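Chemist: Structure file protein08.cif (mmCIF, C-alpha atoms and all ligand atoms) is given on the next line.
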```
data_upload
loop_
_atom_site.label_atom_id
_atom_site.label_comp_id
_atom_site.auth_asym_id
_atom_site.auth_seq_id
_atom_site.Cartn_x
_atom_site.Cartn_y
_atom_site.Cartn_z
CA MET A 255 -76.93 236.23 -45.96
CA SER A 256 -77.73 232.91 -47.63
CA ALA A 257 -75.37 229.98 -47.95
CA ALA A 258 -73.92 231.60 -51.07
CA SER A 259 -70.21 231.16 -51.45
CA ARG A 260 -67.99 233.61 -49.60
CA LEU A 261 -64.92 232.69 -51.59
CA ARG A 262 -64.89 231.29 -55.10
CA ILE A 263 -61.73 230.42 -56.98
CA GLU A 264 -61.99 229.51 -60.65
CA ALA A 265 -59.20 227.83 -62.61
CA LEU A 266 -56.51 229.77 -60.76
CA SER A 267 -52.91 229.48 -61.96
CA VAL A 268 -49.96 231.22 -60.34
CA ALA A 269 -46.33 231.43 -61.43
CA TYR A 270 -43.17 232.96 -60.01
CA GLY A 271 -41.37 234.18 -63.10
CA GLU A 272 -41.06 231.18 -65.40
CA SER A 273 -41.96 228.61 -62.80
CA ALA A 274 -45.65 227.71 -62.54
CA VAL A 275 -46.56 226.57 -59.03
CA VAL A 276 -50.39 226.55 -58.99
CA HIS A 277 -52.11 224.84 -61.90
CA GLY A 278 -55.76 225.73 -62.53
CA ILE A 279 -57.34 225.07 -59.14
CA SER A 280 -61.01 225.73 -58.38
CA LEU A 281 -62.71 225.75 -55.00
CA GLU A 282 -65.43 227.44 -52.98
CA ALA A 283 -66.02 228.21 -49.31
CA ARG A 284 -69.31 229.20 -47.72
CA ASP A 285 -69.93 231.63 -44.87
CA GLY A 286 -68.98 229.95 -41.62
CA GLU A 287 -67.07 227.19 -43.36
CA PHE A 288 -63.62 226.11 -42.17
CA LEU A 289 -61.76 224.95 -45.29
CA THR A 290 -58.22 223.65 -45.00
CA LEU A 291 -55.54 223.54 -47.67
CA LEU A 292 -53.43 220.49 -46.77
CA GLY A 293 -50.35 219.25 -48.59
CA PRO A 294 -46.62 218.68 -48.38
CA SER A 295 -44.06 221.45 -48.19
CA GLY A 296 -43.75 223.37 -51.45
CA CYS A 297 -47.08 222.24 -52.97
CA GLY A 298 -48.35 225.83 -53.22
CA LYS A 299 -50.54 226.31 -50.12
CA SER A 300 -49.10 229.67 -49.08
CA THR A 301 -49.03 230.82 -52.68
CA ILE A 302 -52.78 230.20 -53.01
CA LEU A 303 -53.47 232.02 -49.74
CA ARG A 304 -51.29 234.97 -50.73
CA THR A 305 -53.01 235.16 -54.10
CA ILE A 306 -56.41 235.29 -52.37
CA ALA A 307 -55.03 238.10 -50.20
CA GLY A 308 -53.78 239.99 -53.28
CA LEU A 309 -50.14 239.79 -52.18
CA VAL A 310 -49.20 237.58 -55.14
CA GLU A 311 -50.38 238.13 -58.69
CA ALA A 312 -52.33 235.41 -60.53
CA ALA A 313 -51.29 234.25 -64.00
CA SER A 314 -54.85 233.33 -64.98
CA GLY A 315 -58.23 232.43 -63.50
CA ALA A 316 -60.47 234.39 -61.17
CA ILE A 317 -61.10 234.94 -57.46
CA TYR A 318 -64.40 236.20 -56.03
CA ILE A 319 -64.97 237.33 -52.46
CA GLY A 320 -68.73 237.29 -52.02
CA ASP A 321 -70.07 238.59 -55.33
CA ARG A 322 -67.09 240.77 -55.99
CA CYS A 323 -64.33 239.79 -58.40
CA VAL A 324 -60.99 240.70 -56.80
CA THR A 325 -58.60 238.92 -59.17
CA ASN A 326 -58.93 238.29 -62.88
CA PRO A 327 -55.83 239.02 -64.97
CA ALA A 328 -57.67 238.48 -68.27
CA ALA A 329 -60.12 241.26 -67.35
CA GLY A 330 -57.41 243.43 -65.79
CA VAL A 331 -58.90 243.10 -62.29
CA ARG A 332 -56.56 243.20 -59.30
CA VAL A 333 -57.97 244.67 -56.12
CA PRO A 334 -55.12 245.64 -53.72
CA PRO A 335 -54.80 243.66 -50.45
CA GLU A 336 -56.18 246.47 -48.27
CA GLY A 337 -59.29 246.70 -50.48
CA ARG A 338 -60.22 243.04 -49.95
CA GLY A 339 -61.40 243.32 -46.34
CA LEU A 340 -59.72 240.11 -45.20
CA GLY A 341 -58.44 239.05 -41.81
CA MET A 342 -55.05 237.35 -41.90
CA VAL A 343 -53.01 235.34 -39.41
CA PHE A 344 -49.56 234.03 -40.20
CA GLN A 345 -47.08 231.60 -38.72
CA SER A 346 -44.84 234.28 -37.25
CA TYR A 347 -46.86 236.19 -34.71
CA ALA A 348 -46.50 239.48 -36.55
CA ILE A 349 -47.95 241.53 -33.76
CA TRP A 350 -46.46 244.93 -33.05
CA PRO A 351 -43.93 244.70 -30.20
CA HIS A 352 -44.02 248.40 -29.32
CA MET A 353 -47.79 248.34 -28.70
CA THR A 354 -49.90 246.93 -25.88
CA VAL A 355 -52.25 244.03 -26.47
CA ARG A 356 -55.17 246.47 -26.57
CA GLU A 357 -53.48 248.73 -29.14
CA ASN A 358 -52.56 245.76 -31.33
CA VAL A 359 -56.15 244.60 -31.47
CA ALA A 360 -57.45 248.15 -31.97
CA TYR A 361 -55.11 248.85 -34.87
CA PRO A 362 -57.30 247.62 -37.78
CA LEU A 363 -60.17 249.79 -36.49
CA ARG A 364 -57.92 252.84 -36.10
CA VAL A 365 -56.74 252.66 -39.71
CA ARG A 366 -60.42 252.45 -40.68
CA HIS A 367 -61.02 255.65 -38.66
CA LYS A 368 -63.71 254.15 -36.44
CA PRO A 369 -64.97 256.30 -33.53
CA GLU A 370 -63.15 255.78 -30.22
CA ARG A 371 -66.20 254.40 -28.40
CA GLU A 372 -66.83 251.79 -31.07
CA ILE A 373 -63.16 250.77 -31.05
CA SER A 374 -63.12 250.39 -27.29
CA ALA A 375 -66.23 248.20 -27.22
CA ALA A 376 -65.10 246.01 -30.13
CA VAL A 377 -61.65 245.47 -28.60
CA ASP A 378 -63.18 244.54 -25.22
CA ASP A 379 -65.42 241.98 -26.94
CA MET A 380 -62.57 240.52 -28.96
CA LEU A 381 -60.22 240.25 -25.96
CA ALA A 382 -62.94 238.48 -23.99
CA LEU A 383 -63.52 236.12 -26.92
CA VAL A 384 -59.86 235.06 -27.06
CA GLY A 385 -59.51 235.00 -23.24
CA LEU A 386 -57.05 237.90 -22.95
CA SER A 387 -59.11 240.52 -21.10
CA ASP A 388 -56.66 240.48 -18.19
CA TYR A 389 -53.73 241.16 -20.51
CA ALA A 390 -55.06 244.24 -22.30
CA GLY A 391 -52.47 246.62 -20.86
CA ARG A 392 -49.47 244.33 -21.32
CA ASN A 393 -46.79 244.91 -23.83
CA ALA A 394 -47.25 242.44 -26.67
CA THR A 395 -43.74 241.06 -26.21
CA GLU A 396 -44.50 240.06 -22.62
CA LEU A 397 -46.74 237.22 -23.76
CA SER A 398 -46.25 233.52 -24.43
CA GLY A 399 -46.36 232.22 -28.00
CA GLY A 400 -49.92 230.96 -27.58
CA GLN A 401 -51.05 234.30 -26.15
CA GLN A 402 -49.34 236.24 -28.96
CA GLN A 403 -51.11 234.11 -31.53
CA ARG A 404 -54.42 234.78 -29.78
CA VAL A 405 -53.69 238.52 -30.10
CA ALA A 406 -53.09 237.96 -33.82
CA ILE A 407 -56.41 236.12 -34.13
CA ALA A 408 -58.23 238.89 -32.23
CA ARG A 409 -56.65 241.54 -34.46
CA ALA A 410 -57.63 239.62 -37.61
CA LEU A 411 -61.26 239.35 -36.51
CA VAL A 412 -61.90 242.71 -34.78
CA PHE A 413 -63.22 244.47 -37.89
CA SER A 414 -65.62 241.56 -38.66
CA PRO A 415 -64.03 240.41 -41.92
CA LYS A 416 -66.10 238.05 -44.02
CA LEU A 417 -63.10 235.89 -44.80
CA LEU A 418 -60.22 234.85 -42.55
CA LEU A 419 -56.94 233.55 -44.02
CA LEU A 420 -54.62 231.57 -41.76
CA ASP A 421 -51.20 230.29 -42.80
CA GLU A 422 -49.90 227.67 -40.34
CA PRO A 423 -50.87 229.86 -37.36
CA LEU A 424 -50.13 227.13 -34.81
CA SER A 425 -46.88 225.72 -36.10
CA ASN A 426 -44.67 227.73 -33.71
CA LEU A 427 -46.50 226.33 -30.70
CA ASP A 428 -45.69 223.11 -28.88
CA GLN A 429 -47.97 220.10 -29.41
CA LYS A 430 -50.21 220.56 -26.37
CA LEU A 431 -50.70 224.30 -26.92
CA ARG A 432 -51.32 223.70 -30.62
CA LEU A 433 -54.33 221.48 -29.84
CA GLU A 434 -55.59 223.98 -27.28
CA VAL A 435 -55.27 227.12 -29.40
CA GLY A 436 -56.57 225.18 -32.44
CA ALA A 437 -59.74 224.18 -30.61
CA GLU A 438 -60.17 227.75 -29.38
CA LEU A 439 -59.66 229.16 -32.85
CA ARG A 440 -62.33 226.82 -34.18
CA LYS A 441 -64.78 227.90 -31.46
CA ILE A 442 -64.18 231.57 -32.23
CA GLN A 443 -64.56 230.92 -35.94
CA VAL A 444 -67.90 229.13 -35.41
CA ARG A 445 -69.14 231.91 -33.13
CA THR A 446 -68.24 234.68 -35.58
CA ASN A 447 -69.49 232.64 -38.59
CA VAL A 448 -66.54 233.83 -40.66
CA ALA A 449 -65.34 231.66 -43.55
CA ALA A 450 -61.81 230.48 -42.78
CA ILE A 451 -59.18 229.28 -45.23
CA TYR A 452 -56.59 227.47 -43.17
CA VAL A 453 -53.20 226.31 -44.42
CA THR A 454 -51.34 223.45 -42.77
CA HIS A 455 -49.18 220.47 -43.59
CA ASP A 456 -50.27 218.78 -40.36
CA GLN A 457 -52.88 216.16 -41.20
CA SER A 458 -54.20 215.65 -37.68
CA GLU A 459 -54.77 219.40 -37.31
CA ALA A 460 -56.63 219.38 -40.64
CA LEU A 461 -58.81 216.41 -39.67
CA ALA A 462 -59.65 217.82 -36.25
CA LEU A 463 -60.51 221.40 -37.24
CA SER A 464 -61.97 221.40 -40.75
CA ASP A 465 -65.41 221.26 -42.28
CA ARG A 466 -63.72 220.33 -45.54
CA ILE A 467 -60.15 219.66 -46.61
CA ALA A 468 -58.57 220.26 -50.01
CA VAL A 469 -55.55 217.96 -50.39
CA LEU A 470 -52.95 219.55 -52.65
CA ARG A 471 -50.10 217.98 -54.54
CA GLU A 472 -47.70 219.95 -56.70
CA GLY A 473 -50.07 222.85 -57.24
CA LYS A 474 -53.15 220.76 -58.02
CA ILE A 475 -56.08 219.61 -55.91
CA GLU A 476 -56.11 215.82 -55.49
CA GLN A 477 -59.36 215.71 -53.52
CA ILE A 478 -61.76 218.00 -51.67
CA GLY A 479 -64.02 216.51 -49.02
CA THR A 480 -65.01 216.27 -45.37
CA PRO A 481 -62.37 214.86 -43.01
CA GLU A 482 -64.28 211.53 -43.04
CA GLU A 483 -64.32 211.40 -46.84
CA ILE A 484 -60.62 212.23 -47.09
CA TYR A 485 -59.56 209.68 -44.48
CA GLU A 486 -62.02 206.86 -45.17
CA ARG A 487 -62.56 207.24 -48.91
CA PRO A 488 -59.33 208.72 -50.31
CA ALA A 489 -59.64 209.27 -54.05
CA THR A 490 -55.99 208.57 -54.84
CA PRO A 491 -53.07 206.61 -53.34
CA PHE A 492 -51.40 209.97 -52.64
CA VAL A 493 -54.30 211.15 -50.45
CA SER A 494 -54.37 207.85 -48.54
CA TRP A 495 -50.62 208.02 -48.00
CA PHE A 496 -50.42 211.71 -47.05
CA VAL A 497 -53.43 211.74 -44.71
CA GLY A 498 -52.85 209.01 -42.14
CA LYS A 499 -50.90 205.78 -42.51
CA ALA A 500 -51.57 203.58 -45.52
CA ASN A 501 -50.63 199.96 -46.21
CA PHE A 502 -50.73 198.87 -49.83
CA VAL A 503 -51.33 195.12 -49.85
CA PRO A 504 -50.98 193.28 -53.17
CA CYS A 505 -54.29 191.62 -54.12
CA THR A 506 -56.07 190.11 -57.09
CA VAL A 507 -59.40 191.36 -58.43
CA GLU A 508 -61.89 188.46 -58.55
CA ARG A 509 -64.96 190.16 -59.89
CA ILE A 510 -66.70 193.48 -60.20
CA VAL A 511 -69.67 193.95 -57.87
CA ASP A 512 -71.79 196.85 -59.03
CA GLY A 513 -74.00 197.39 -56.02
CA ALA A 514 -76.32 200.28 -55.31
CA SER A 515 -73.67 201.62 -52.94
CA GLY A 516 -71.37 202.48 -55.81
CA ARG A 517 -68.36 200.77 -57.30
CA ARG A 518 -67.28 197.69 -55.42
CA VAL A 519 -64.96 194.83 -56.27
CA ALA A 520 -64.26 191.45 -54.73
CA VAL A 521 -60.55 190.81 -54.20
CA THR A 522 -58.34 188.14 -52.69
CA ALA A 523 -55.25 188.88 -50.62
CA GLY A 524 -53.50 185.90 -49.06
CA GLN A 525 -56.29 183.51 -48.05
CA GLY A 526 -58.72 186.35 -47.41
CA ARG A 527 -61.55 187.39 -49.72
CA TYR A 528 -62.91 190.90 -49.41
CA ALA A 529 -65.64 192.98 -51.02
CA VAL A 530 -64.28 196.52 -50.94
CA SER A 531 -64.68 199.92 -52.58
CA ALA A 532 -62.83 200.55 -55.80
CA ALA A 533 -60.89 203.76 -56.30
CA ALA A 534 -62.79 206.50 -58.10
CA ALA A 535 -60.41 206.38 -61.06
CA GLY A 536 -59.68 203.39 -63.28
CA GLU A 537 -61.53 200.33 -64.52
CA PHE A 538 -60.77 196.96 -62.96
CA ALA A 539 -60.90 193.58 -64.69
CA PRO A 540 -61.24 190.09 -63.15
CA GLY A 541 -57.81 188.51 -62.63
CA GLU A 542 -56.06 191.87 -62.47
CA PRO A 543 -53.36 192.37 -59.83
CA ALA A 544 -54.16 195.49 -57.78
CA MET A 545 -53.36 197.16 -54.47
CA LEU A 546 -55.63 197.04 -51.43
CA MET A 547 -55.16 200.12 -49.21
CA LEU A 548 -55.75 199.40 -45.54
CA ARG A 549 -55.11 201.57 -42.47
CA PRO A 550 -53.24 200.05 -39.49
CA GLU A 551 -56.50 200.07 -37.50
CA ASP A 552 -58.45 198.27 -40.26
CA PHE A 553 -57.24 194.83 -39.12
CA THR A 554 -58.06 192.38 -36.40
CA VAL A 555 -55.74 189.52 -35.53
CA GLY A 556 -56.76 185.88 -35.57
CA ASP A 557 -54.98 182.68 -36.44
CA ASP A 558 -58.11 180.56 -36.89
CA GLU A 559 -59.77 182.14 -39.93
CA PRO A 560 -58.44 182.71 -43.40
CA GLY A 561 -56.87 186.13 -43.78
CA ILE A 562 -53.67 187.86 -44.79
CA PRO A 563 -50.83 185.78 -43.34
CA VAL A 564 -48.02 187.84 -41.85
CA SER A 565 -45.05 187.08 -39.67
CA VAL A 566 -44.42 189.68 -36.98
CA ARG A 567 -41.23 191.70 -37.54
CA GLU A 568 -41.51 194.54 -35.01
CA GLN A 569 -43.70 195.45 -32.09
CA GLN A 570 -44.11 198.67 -30.14
CA TYR A 571 -46.16 199.50 -27.08
CA VAL A 572 -47.48 203.08 -27.36
CA GLY A 573 -49.80 203.24 -24.35
CA GLU A 574 -53.31 203.19 -25.70
CA ARG A 575 -52.54 200.39 -28.19
CA ARG A 576 -49.78 198.22 -29.65
CA GLN A 577 -48.27 198.80 -33.05
CA TYR A 578 -46.88 195.99 -35.14
CA THR A 579 -45.13 195.58 -38.44
CA GLY A 580 -45.69 192.26 -40.18
CA ASP A 581 -44.29 190.78 -43.35
CA PHE A 582 -46.71 189.56 -46.01
CA ALA A 583 -44.72 187.89 -48.80
CA GLY A 584 -42.14 190.68 -48.79
CA THR A 585 -44.59 193.55 -48.17
CA ALA A 586 -44.41 195.33 -44.81
CA VAL A 587 -47.85 195.66 -43.24
CA GLU A 588 -48.41 197.94 -40.24
CA PHE A 589 -51.26 197.06 -37.94
CA THR A 590 -52.44 198.04 -34.48
CA THR A 591 -54.13 195.99 -31.80
CA GLU A 592 -55.59 196.55 -28.37
CA ARG A 593 -52.81 196.55 -25.85
CA ALA A 594 -54.02 193.20 -24.44
CA VAL A 595 -53.03 191.47 -27.70
CA THR A 596 -49.38 190.56 -27.24
CA LEU A 597 -47.56 189.11 -30.20
CA ALA A 598 -43.88 188.30 -30.30
CA VAL A 599 -41.43 188.92 -33.11
CA GLY A 600 -41.49 185.83 -35.32
CA ASP A 601 -45.14 184.93 -34.57
CA ALA A 602 -47.20 183.92 -37.59
CA VAL A 603 -50.73 185.37 -37.57
CA ALA A 604 -53.56 185.98 -39.99
CA LEU A 605 -54.88 189.52 -40.33
CA ARG A 606 -58.56 189.91 -40.94
CA VAL A 607 -60.13 193.10 -42.26
CA VAL A 608 -62.73 194.93 -40.18
CA GLY A 609 -66.14 195.33 -41.85
CA ASP A 610 -65.87 196.60 -45.40
CA ARG A 611 -62.74 198.69 -44.80
CA GLY A 612 -60.18 199.05 -47.56
CA ILE A 613 -59.96 200.65 -50.99
CA VAL A 614 -58.61 199.05 -54.13
CA PHE A 615 -56.27 201.14 -56.26
CA LYS A 616 -54.72 200.40 -59.65
CA SER A 617 -51.22 198.94 -59.19
CA ALA A 618 -49.74 201.52 -61.54
CA ALA A 619 -51.22 204.40 -59.49
CA VAL A 620 -49.58 203.06 -56.33
CA ALA A 621 -46.29 202.43 -58.13
CA ALA A 622 -46.29 206.08 -59.30
CA LEU A 623 -46.30 207.15 -55.66
CA LYS A 624 -42.89 205.71 -54.97
N1 LIG A 701 -41.47 234.48 -53.82
C1 LIG A 701 -41.17 233.34 -54.48
N2 LIG A 701 -40.42 233.36 -55.59
C2 LIG A 701 -40.15 232.23 -56.27
N3 LIG A 701 -40.59 231.01 -55.92
C3 LIG A 701 -41.35 230.92 -54.83
C4 LIG A 701 -41.69 232.08 -54.05
N4 LIG A 701 -42.47 231.68 -53.00
C5 LIG A 701 -42.60 230.35 -53.13
N5 LIG A 701 -41.94 229.88 -54.22
C6 LIG A 701 -41.90 228.48 -54.70
O1 LIG A 701 -43.24 228.09 -55.04
C7 LIG A 701 -43.52 226.77 -54.60
C8 LIG A 701 -44.70 226.78 -53.65
O2 LIG A 701 -44.35 227.47 -52.49
P1 LIG A 701 -45.37 227.74 -51.29
O3 LIG A 701 -44.71 228.64 -50.32
O4 LIG A 701 -46.68 228.15 -51.83
O5 LIG A 701 -45.49 226.26 -50.69
P2 LIG A 701 -46.22 225.74 -49.35
O6 LIG A 701 -47.15 224.66 -49.78
O7 LIG A 701 -46.79 226.88 -48.60
O8 LIG A 701 -45.00 225.07 -48.55
P3 LIG A 701 -44.67 225.05 -46.96
O9 LIG A 701 -45.54 223.95 -46.37
O10 LIG A 701 -43.24 224.67 -46.91
O11 LIG A 701 -44.96 226.40 -46.39
C9 LIG A 701 -42.23 226.25 -53.96
O12 LIG A 701 -41.54 225.49 -54.91
C10 LIG A 701 -41.48 227.52 -53.62
O13 LIG A 701 -40.09 227.30 -53.64
MG MG A 702 -46.33 227.74 -46.74
#
```
Can the structure from this file be put into structure tokens for me?
Modeler:
Amino acid sequence: MSAASRLRIEALSVAYGESAVVHGISLEARDGEFLTLLGPSGCGKSTILRTIAGLVEAASGAIYIGDRCVTNPAAGVRVPPEGRGLGMVFQSYAIWPHMTVRENVAYPLRVRHKPEREISAAVDDMLALVGLSDYAGRNATELSGGQQQRVAIARALVFSPKLLLLDEPLSNLDQKLRLEVGAELRKIQVRTNVAAIYVTHDQSEALALSDRIAVLREGKIEQIGTPEEIYERPATPFVSWFVGKANFVPCTVERIVDGASGRRVAVTAGQGRYAVSAAAAGEFAPGEPAMLMLRPEDFTVGDDEPGIPVSVREQQYVGERRQYTGDFAGTAVEFTTERAVTLAVGDAVALRVVGDRGIVFKSAAVAALK
């Protein structure tokens, strides 16, 4: 199969009764792609996933799995969930407690009336893939949370679905296990080359696992991009604030620099002058007050060169680095340093910006975030 899209969603809207919760979203995922829907609680992530699965009806728009249209209310198309050939994994383990691990994983093949020999071989392969070969005969309830979720993943993949839907599959696991099972899930997904649509509200999970991330806000997509694009070139103040930590430092636009590398502006903040990327939306004018978005790790500390003057308000030692909060003319600025840099509360320092880090947003766009 070519790199044609495995899933295509066009202008999808979904409502529960009178209340519209998904507003005309469009996206695509290719075979083998790991695409994450990331956003705050209630933004519509599960609703989108359940609509793809056919468990929730769409109000308008269309969904294609491969070349096949499975949802299109205007054309009267609504393929039932069991006709969509999808693998699904949910937050609650949802494995059958009265069956053994082997029987749980075999179940999707049994309902498809596969021959016994084929079932046995496929289940053996799947159990080996998720590292549960030694647990085949165990009752499913006699497993840890991480093991149960691995059974759910094996069961979702055993019939070689072309599309795998996962709704917060790791959120019941503790932090360490979450990273472990997440990395394993990603390995399995790469090996089986299945397209995965993964729902989470955990930004570090999204950054670590995904090929691309769609950041959602109130039923709309704010930005779709690679983890690097989302974190380093957020399109909106919301994306910068939701994915990672964002400082918004008041600045003044000096001039517009239209380089070959795209839209850039020169700004001043405190005594510092910076040439930085301008947000995708909005025109900037010389003299305009704006907001410079900087991550805590975008600064270095020096008191000799012009920069953003802050007085240190708080300091925290977190092992691999130190975290500080400074005050810049009434604005709190969080910054991190190597642990060797020890500043005391009350110290006055100048923050310099690393390289060409930072993005300038319109003041009004940042104000709308609050
Ligand atoms: N069956 C339902 N009937 C009515 N409203 C619903 C139903 N399911 C969800 N909603 C509402 O639709 C909106 C989106 O819910 P959804 O479950 O898709 O959010 P989510 O992004 O998955 O959130 P979370 O991160 O908390 O799981 C919410 O306002 C929710 O209250
Ligand atoms: Mg949800």
Chemist: Residues within 10 Å of ligand MG 702 (chain A) should be enumerated using all atoms listed in the file and returned as a PDB file with C-alpha atoms, in the coordinates of the input.
Modeler:
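Generated file (out_3.pdb):
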```pdb
ATOM      1  CA  GLY A 293     -50.350 219.250 -48.590  1.00  0.00           C
ATOM      2  CA  PRO A 294     -46.620 218.680 -48.380  1.00  0.00           C
ATOM      3  CA  SER A 295     -44.060 221.450 -48.190  1.00  0.00           C
ATOM      4  CA  GLY A 296     -43.750 223.370 -51.450  1.00  0.00           C
ATOM      5  CA  CYS A 297     -47.080 222.240 -52.970  1.00  0.00           C
ATOM      6  CA  GLY A 298     -48.350 225.830 -53.220  1.00  0.00           C
ATOM      7  CA  LYS A 299     -50.540 226.310 -50.120  1.00  0.00           C
ATOM      8  CA  SER A 300     -49.100 229.670 -49.080  1.00  0.00           C
ATOM      9  CA  THR A 301     -49.030 230.820 -52.680  1.00  0.00           C
ATOM     10  CA  ILE A 302     -52.780 230.200 -53.010  1.00  0.00           C
ATOM     11  CA  LEU A 303     -53.470 232.020 -49.740  1.00  0.00           C
ATOM     12  CA  ARG A 304     -51.290 234.970 -50.730  1.00  0.00           C
ATOM     13  CA  PHE A 344     -49.560 234.030 -40.200  1.00  0.00           C
ATOM     14  CA  GLN A 345     -47.080 231.600 -38.720  1.00  0.00           C
ATOM     15  CA  ASP A 421     -51.200 230.290 -42.800  1.00  0.00           C
ATOM     16  CA  GLU A 422     -49.900 227.670 -40.340  1.00  0.00           C
ATOM     17  CA  VAL A 453     -53.200 226.310 -44.420  1.00  0.00           C
ATOM     18  CA  THR A 454     -51.340 223.450 -42.770  1.00  0.00           C
ATOM     19  CA  HIS A 455     -49.180 220.470 -43.590  1.00  0.00           C
TER      20      HIS A 455
END
```
Chemist: Kindly provide, as a PyMOL selection string, the polymer residues lying within 9 Å of (-61.7, 206.1, -48.7), counting all atoms listed in the file and using the coordinates exactly as they appear in the file.
Modeler: chain A and resi 482-490+494+531+533+547+611-613
Chemist: Store the residues picked out above in a file with C-alpha atoms, as a PDB file, in the coordinates of the input.
Modeler:
```pdb
ATOM      1  CA  GLU A 482     -64.280 211.530 -43.040  1.00  0.00           C
ATOM      2  CA  GLU A 483     -64.320 211.400 -46.840  1.00  0.00           C
ATOM      3  CA  ILE A 484     -60.620 212.230 -47.090  1.00  0.00           C
ATOM      4  CA  TYR A 485     -59.560 209.680 -44.480  1.00  0.00           C
ATOM      5  CA  GLU A 486     -62.020 206.860 -45.170  1.00  0.00           C
ATOM      6  CA  ARG A 487     -62.560 207.240 -48.910  1.00  0.00           C
ATOM      7  CA  PRO A 488     -59.330 208.720 -50.310  1.00  0.00           C
ATOM      8  CA  ALA A 489     -59.640 209.270 -54.050  1.00  0.00           C
ATOM      9  CA  THR A 490     -55.990 208.570 -54.840  1.00  0.00           C
ATOM     10  CA  SER A 494     -54.370 207.850 -48.540  1.00  0.00           C
ATOM     11  CA  SER A 531     -64.680 199.920 -52.580  1.00  0.00           C
ATOM     12  CA  ALA A 533     -60.890 203.760 -56.300  1.00  0.00           C
ATOM     13  CA  MET A 547     -55.160 200.120 -49.210  1.00  0.00           C
ATOM     14  CA  ARG A 611     -62.740 198.690 -44.800  1.00  0.00           C
ATOM     15  CA  GLY A 612     -60.180 199.050 -47.560  1.00  0.00           C
ATOM     16  CA  ILE A 613     -59.960 200.650 -50.990  1.00  0.00           C
TER      17      ILE A 613
END
```
Chemist: What is the distance, in Å and to one decimal place, between CA of Ser617 (chain A) and CA of Gly584 (chain A)?
Modeler: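 These two atoms are separated by 16.1 Å.
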Chemist: Might I get the box with edges along x, y and z of the file that holds all atoms of ligand LIG 701 (chain A) listed there, padded by 4 Å on every side, given as centre and edge lengths in Å to one decimal, as AutoDock Vina command-line options?
Modeler:
```
--center_x -43.6 --center_y 229.2 --center_z -51.3 --size_x 15.1 --size_y 18.5 --size_z 17.9
```
Chemist: Got a sec: who's within 12 Å of Tyr270 (chain A), counting all atoms listed in the file, leaving out chain neighbours fewer than 6 positions off, as a PyMOL selection string?
Modeler: chain A and resi 276+298+301+305+310-313
Chemist: Can you tell me, as a PyMOL selection string, what residues are no more than 9 Å from Gly541 (chain A) when counting all atoms listed in the file, ignoring any on the same chain fewer than 2 positions away?
Modeler: chain A and resi 506-509+538-539+543
Chemist: Quote the spacing between CA of Ala329 (chain A) and CA of Ile317 (chain A) in Å to one decimal place.
Modeler: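 Atom-to-atom, CA of Ala329 (chain A) to CA of Ile317 (chain A), that is 11.8 Å.
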Chemist: Please list as number ranges by chain every residue within 7 Å of Leu427 (chain A), counting only C-alpha atoms and excluding residues in the same chain fewer than 3 positions away.
Modeler: A: 399-400, 424, 431-432
Chemist: Between A:Ala529, A:Ala316, A:Ile306, A:Ala390, which residue has the minimum interatomic distance to Ala328 (chain A), considering all atoms listed in the file?
Modeler: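 The closest residue to Ala328 (chain A) is A:Ala316.
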Chemist: Give me, please, the distance in Å between CA of Ala535 (chain A) and CA of Ala468 (chain A), quoted to one decimal.
Modeler: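 CA of Ala468 (chain A) lies at a distance of 17.8 Å from CA of Ala535 (chain A).
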Chemist: Do you know which residues are at most 12 Å from Ala583 (chain A) counting only C-alpha atoms, after dropping those on the same chain fewer than 4 positions away, and could you put them as a PyMOL selection string?
Modeler: chain A and resi 503-505+523-524+562-566+587
Chemist: I need the residues from that last selection saved to file as a PDB file, in the coordinates of the input (with C-alpha atoms), if you can.
Modeler:
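Once written, result_26.pdb looks like this:
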```pdb
ATOM      1  CA  VAL A 503     -51.330 195.120 -49.850  1.00  0.00           C
ATOM      2  CA  PRO A 504     -50.980 193.280 -53.170  1.00  0.00           C
ATOM      3  CA  CYS A 505     -54.290 191.620 -54.120  1.00  0.00           C
ATOM      4  CA  ALA A 523     -55.250 188.880 -50.620  1.00  0.00           C
ATOM      5  CA  GLY A 524     -53.500 185.900 -49.060  1.00  0.00           C
ATOM      6  CA  ILE A 562     -53.670 187.860 -44.790  1.00  0.00           C
ATOM      7  CA  PRO A 563     -50.830 185.780 -43.340  1.00  0.00           C
ATOM      8  CA  VAL A 564     -48.020 187.840 -41.850  1.00  0.00           C
ATOM      9  CA  SER A 565     -45.050 187.080 -39.670  1.00  0.00           C
ATOM     10  CA  VAL A 566     -44.420 189.680 -36.980  1.00  0.00           C
ATOM     11  CA  VAL A 587     -47.850 195.660 -43.240  1.00  0.00           C
TER      12      VAL A 587
END
```
Chemist: Please tell me which residues are no farther than 10 Å from (-63.9, 214.8, -58.4) in the file, counting all atoms listed in the file, and write them as an MDAnalysis selection string.
Modeler: chainID A and resid 475:479 489 534:535
